[in-house]
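Enquirer: Below is one structure. I have some questions about it.
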Amino acid sequence: MASLDALFETAKAIQARAYAPYSRFKVGTAIRTPSGRIFAGCNVENAAYPVGSCAEAGAISAMLAGGESRIAEIVVMGEGDVLCTPCGGCRQRIREFASPDTPIHVAGPEGIRRSFTLDELLPFSFGPDNLSDR
Ligand code: THU
């Protein structure tokens with residue numbers, strides 16, 4: 001299976017495990033690291049609404065827990081017909097571990113709907129470099 005297919009299938013499988021009883025909007029995310037490993041996460045909501053976390057945050061946490069810290073490619077899969085682009089906070093979370101040209105694929109159950117680079121979704125971003133050359 002080509003690596004993007006594997007990433008897509010992983011995002012779809014983890015989306016089914018999302019805990020989203022309040023929004024009823026399940027999201028699955030799969031990250032491929034430069035070594036080829038895949039890490040996944042889903043959104044986890046909470047009765048105290050603001051405490052819920054996004055799928056991207058879960059996938060990034062799994063990546064770090066697995067001993068990796070660079071995102072080579074990422075798939076975000078939501079529900080419905082509208083493109084499930086990462087929320088603003090998650091664009092910033094991805095930015096911490098990715099490059100401007102890192103592909104972010106937005107998917108629905110039928111496949112990849114549209115692909116962006118990180119720089120397209122978060123131009124002129126603030127990142128670790130802003131804190132390193134002081
Ligand atoms: N959600 C994500 O998991 N990722 C995003 O980038 C957008 C939103 C989740 C959060 C919440 O559980 C549900 O989708 C509805 O906002």
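Identifiers in the structure tokens: chain A, B, ... in order shown; residue index from 1 per chain; ligand index from 1 in order shown.
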Would you list the residues that come within 10 Å of ligand 1? Count only C-alpha atoms and all ligand atoms and give the answer as a ChimeraX atom specification.
Expert: /A:15,18-29,41-46,49-58,76-79,84-91
Enquirer: Please provide as a PDB file with N, CA, C and O atoms, in the first residue's frame all residues within 10 Å of segment 110-113 of chain A, with the sequence filter that same-chain residues fewer than 4 positions apart are discarded (counting only C-alpha atoms).
Expert:
```pdb
ATOM      1  N   LEU A   4       0.636   7.205   1.359  1.00  0.00           N
ATOM      2  CA  LEU A   4      -0.512   8.090   1.599  1.00  0.00           C
ATOM      3  C   LEU A   4      -1.788   7.269   1.818  1.00  0.00           C
ATOM      4  O   LEU A   4      -2.634   7.641   2.633  1.00  0.00           O
ATOM      5  N   ASP A   5      -1.906   6.163   1.115  1.00  0.00           N
ATOM      6  CA  ASP A   5      -3.054   5.275   1.342  1.00  0.00           C
ATOM      7  C   ASP A   5      -3.056   4.741   2.771  1.00  0.00           C
ATOM      8  O   ASP A   5      -4.092   4.666   3.424  1.00  0.00           O
ATOM      9  N   PHE A   8      -4.114   7.467   5.081  1.00  0.00           N
ATOM     10  CA  PHE A   8      -5.564   7.663   4.971  1.00  0.00           C
ATOM     11  C   PHE A   8      -6.329   6.574   5.731  1.00  0.00           C
ATOM     12  O   PHE A   8      -7.247   6.867   6.502  1.00  0.00           O
ATOM     13  N   GLU A   9      -5.944   5.328   5.526  1.00  0.00           N
ATOM     14  CA  GLU A   9      -6.649   4.229   6.184  1.00  0.00           C
ATOM     15  C   GLU A   9      -6.488   4.297   7.702  1.00  0.00           C
ATOM     16  O   GLU A   9      -7.416   3.978   8.453  1.00  0.00           O
ATOM     17  N   LYS A  12      -8.796   6.993   9.011  1.00  0.00           N
ATOM     18  CA  LYS A  12     -10.193   6.531   8.971  1.00  0.00           C
ATOM     19  C   LYS A  12     -10.479   5.581  10.139  1.00  0.00           C
ATOM     20  O   LYS A  12     -11.528   5.669  10.791  1.00  0.00           O
ATOM     21  N   VAL A  75      -2.668  13.500   7.674  1.00  0.00           N
ATOM     22  CA  VAL A  75      -4.038  13.423   7.150  1.00  0.00           C
ATOM     23  C   VAL A  75      -5.002  13.759   8.281  1.00  0.00           C
ATOM     24  O   VAL A  75      -4.866  13.224   9.391  1.00  0.00           O
ATOM     25  N   VAL A  76      -5.943  14.655   7.991  1.00  0.00           N
ATOM     26  CA  VAL A  76      -6.995  15.003   8.953  1.00  0.00           C
ATOM     27  C   VAL A  76      -8.336  14.639   8.317  1.00  0.00           C
ATOM     28  O   VAL A  76      -8.651  15.118   7.220  1.00  0.00           O
ATOM     29  N   MET A  77      -9.090  13.782   8.994  1.00  0.00           N
ATOM     30  CA  MET A  77     -10.368  13.350   8.442  1.00  0.00           C
ATOM     31  C   MET A  77     -11.521  13.707   9.355  1.00  0.00           C
ATOM     32  O   MET A  77     -11.555  13.325  10.525  1.00  0.00           O
ATOM     33  N   ASP A  81     -19.763  17.067   4.517  1.00  0.00           N
ATOM     34  CA  ASP A  81     -19.276  17.433   3.184  1.00  0.00           C
ATOM     35  C   ASP A  81     -18.297  18.604   3.197  1.00  0.00           C
ATOM     36  O   ASP A  81     -17.617  18.862   2.217  1.00  0.00           O
ATOM     37  N   VAL A  82     -18.265  19.346   4.290  1.00  0.00           N
ATOM     38  CA  VAL A  82     -17.400  20.529   4.357  1.00  0.00           C
ATOM     39  C   VAL A  82     -15.976  20.082   4.676  1.00  0.00           C
ATOM     40  O   VAL A  82     -15.759  19.172   5.471  1.00  0.00           O
ATOM     41  N   LEU A  83     -14.995  20.729   4.028  1.00  0.00           N
ATOM     42  CA  LEU A  83     -13.591  20.387   4.271  1.00  0.00           C
ATOM     43  C   LEU A  83     -13.257  20.515   5.748  1.00  0.00           C
ATOM     44  O   LEU A  83     -13.500  21.572   6.347  1.00  0.00           O
ATOM     45  N   CYS A  84     -12.675  19.482   6.324  1.00  0.00           N
ATOM     46  CA  CYS A  84     -12.293  19.516   7.741  1.00  0.00           C
ATOM     47  C   CYS A  84     -10.824  19.934   7.855  1.00  0.00           C
ATOM     48  O   CYS A  84      -9.948  19.117   8.165  1.00  0.00           O
ATOM     49  N   HIS A 105      -3.131  16.873   4.384  1.00  0.00           N
ATOM     50  CA  HIS A 105      -4.190  16.350   3.527  1.00  0.00           C
ATOM     51  C   HIS A 105      -5.508  16.351   4.298  1.00  0.00           C
ATOM     52  O   HIS A 105      -5.576  15.804   5.404  1.00  0.00           O
ATOM     53  N   VAL A 106      -6.515  16.938   3.702  1.00  0.00           N
ATOM     54  CA  VAL A 106      -7.834  16.980   4.330  1.00  0.00           C
ATOM     55  C   VAL A 106      -8.703  15.916   3.647  1.00  0.00           C
ATOM     56  O   VAL A 106      -8.843  15.926   2.412  1.00  0.00           O
TER      57      VAL A 106
END
```
Enquirer: Can you pull out every residue within 8 Å of Gly127 of chain A, counting only C-alpha atoms, but drop anything in the same chain fewer than 3 positions away, and send it as a ChimeraX atom specification?
Expert: /A:95-96,130-131
Enquirer: Those residues you just picked out, can you put them in a file as an mmCIF file, in the first residue's frame with all heavy atoms?
Expert:
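Wrote out.cif, looks like this:
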```cif
data_model
loop_
_atom_site.group_PDB
_atom_site.id
_atom_site.type_symbol
_atom_site.label_atom_id
_atom_site.label_comp_id
_atom_site.auth_asym_id
_atom_site.auth_seq_id
_atom_site.Cartn_x
_atom_site.Cartn_y
_atom_site.Cartn_z
ATOM 1 N N ARG A 95 2.595 23.123 13.307
ATOM 2 C CA ARG A 95 3.711 23.976 12.935
ATOM 3 C C ARG A 95 4.961 23.733 13.788
ATOM 4 O O ARG A 95 6.101 23.839 13.327
ATOM 5 C CB ARG A 95 3.281 25.450 13.036
ATOM 6 C CG ARG A 95 4.253 26.438 12.423
ATOM 7 C CD ARG A 95 5.101 27.106 13.464
ATOM 8 N NE ARG A 95 6.048 28.026 12.854
ATOM 9 C CZ ARG A 95 7.315 27.694 12.611
ATOM 10 N NH1 ARG A 95 7.756 26.487 12.853
ATOM 11 N NH2 ARG A 95 8.140 28.592 12.102
ATOM 12 N N GLU A 96 4.737 23.394 15.040
ATOM 13 C CA GLU A 96 5.849 23.163 15.965
ATOM 14 C C GLU A 96 6.759 22.022 15.489
ATOM 15 O O GLU A 96 7.962 22.036 15.753
ATOM 16 C CB GLU A 96 5.298 22.842 17.358
ATOM 17 C CG GLU A 96 6.341 22.735 18.455
ATOM 18 C CD GLU A 96 6.872 24.099 18.882
ATOM 19 O OE1 GLU A 96 6.272 25.133 18.515
ATOM 20 O OE2 GLU A 96 7.908 24.127 19.595
ATOM 21 N N ASN A 130 11.462 31.940 16.373
ATOM 22 C CA ASN A 130 11.236 33.251 16.969
ATOM 23 C C ASN A 130 11.857 33.372 18.351
ATOM 24 O O ASN A 130 12.170 34.465 18.823
ATOM 25 C CB ASN A 130 9.723 33.538 17.089
ATOM 26 C CG ASN A 130 9.082 33.769 15.739
ATOM 27 O OD1 ASN A 130 8.588 32.838 15.121
ATOM 28 N ND2 ASN A 130 9.119 34.984 15.265
ATOM 29 N N LEU A 131 12.041 32.230 18.999
ATOM 30 C CA LEU A 131 12.560 32.249 20.361
ATOM 31 C C LEU A 131 14.048 31.907 20.439
ATOM 32 O O LEU A 131 14.665 32.049 21.492
ATOM 33 C CB LEU A 131 11.791 31.241 21.240
ATOM 34 C CG LEU A 131 10.274 31.480 21.307
ATOM 35 C CD1 LEU A 131 9.631 30.407 22.174
ATOM 36 C CD2 LEU A 131 9.959 32.870 21.843
#
```
Enquirer: Which polymer residues have any atom within 12 Å of an atom of Pro128 of chain A, counting only C-alpha atoms, with same-chain residues fewer than 2 positions away left out, as a ChimeraX atom specification?
Expert: /A:92-93,95-99,125-126,130-134
Enquirer: Write the selection just made, keeping N, CA and C atoms, as an mmCIF file, in the first residue's frame?
Expert:
```
data_model
loop_
_atom_site.group_PDB
_atom_site.id
_atom_site.type_symbol
_atom_site.label_atom_id
_atom_site.label_comp_id
_atom_site.auth_asym_id
_atom_site.auth_seq_id
_atom_site.Cartn_x
_atom_site.Cartn_y
_atom_site.Cartn_z
ATOM 1 N N GLN A 92 -1.211 25.597 14.565
ATOM 2 C CA GLN A 92 -0.043 25.998 15.352
ATOM 3 C C GLN A 92 0.625 24.777 15.982
ATOM 4 N N ARG A 93 -0.139 23.814 16.433
ATOM 5 C CA ARG A 93 0.444 22.583 17.007
ATOM 6 C C ARG A 93 1.258 21.832 15.953
ATOM 7 N N ARG A 95 2.595 23.123 13.307
ATOM 8 C CA ARG A 95 3.711 23.976 12.935
ATOM 9 C C ARG A 95 4.961 23.733 13.788
ATOM 10 N N GLU A 96 4.737 23.394 15.040
ATOM 11 C CA GLU A 96 5.849 23.163 15.965
ATOM 12 C C GLU A 96 6.759 22.022 15.489
ATOM 13 N N PHE A 97 6.180 21.053 14.778
ATOM 14 C CA PHE A 97 6.908 19.827 14.425
ATOM 15 C C PHE A 97 6.995 19.594 12.917
ATOM 16 N N ALA A 98 6.670 20.603 12.127
ATOM 17 C CA ALA A 98 6.629 20.439 10.674
ATOM 18 C C ALA A 98 7.387 21.574 9.990
ATOM 19 N N SER A 99 7.462 21.499 8.672
ATOM 20 C CA SER A 99 8.124 22.525 7.871
ATOM 21 C C SER A 99 7.077 23.257 7.043
ATOM 22 N N SER A 125 3.942 32.327 10.082
ATOM 23 C CA SER A 125 3.671 31.756 11.398
ATOM 24 C C SER A 125 4.758 32.075 12.419
ATOM 25 N N PHE A 126 4.378 31.979 13.640
ATOM 26 C CA PHE A 126 5.283 32.103 14.781
ATOM 27 C C PHE A 126 5.733 30.703 15.162
ATOM 28 N N ASN A 130 11.462 31.940 16.373
ATOM 29 C CA ASN A 130 11.236 33.251 16.969
ATOM 30 C C ASN A 130 11.857 33.372 18.351
ATOM 31 N N LEU A 131 12.041 32.230 18.999
ATOM 32 C CA LEU A 131 12.560 32.249 20.361
ATOM 33 C C LEU A 131 14.048 31.907 20.439
ATOM 34 N N SER A 132 14.609 31.460 19.289
ATOM 35 C CA SER A 132 15.983 30.942 19.359
ATOM 36 C C SER A 132 17.047 31.994 19.081
ATOM 37 N N ASP A 133 16.754 33.039 18.286
ATOM 38 C CA ASP A 133 17.825 33.987 17.912
ATOM 39 C C ASP A 133 17.690 35.307 18.644
ATOM 40 N N ARG A 134 17.598 35.227 19.929
ATOM 41 C CA ARG A 134 17.503 36.460 20.718
ATOM 42 C C ARG A 134 18.821 36.732 21.430
#
```
Enquirer: Name the residues of segment 1-119 of chain A that fall into alpha helix (DSSP H) according to DSSP on the backbone, using the chain letters and numbers of this document, as number ranges by chain.
Expert: A: 3-15, 55-65, 88-96, 118-119
Enquirer: So, with only C-alpha atoms as the atoms that count, which of A:Ala40, A:Ser61, A:Ile74, A:Gly67 lies closest to Ser3 of chain A?
Expert: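 Of the candidates, the smallest distance to Ser3 of chain A is held by A:Ile74.
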Enquirer: So how many Å separate atom CA of Arg32 of chain A and atom CA of Gly80 of chain A, to one decimal?
Expert: 24.4 Å
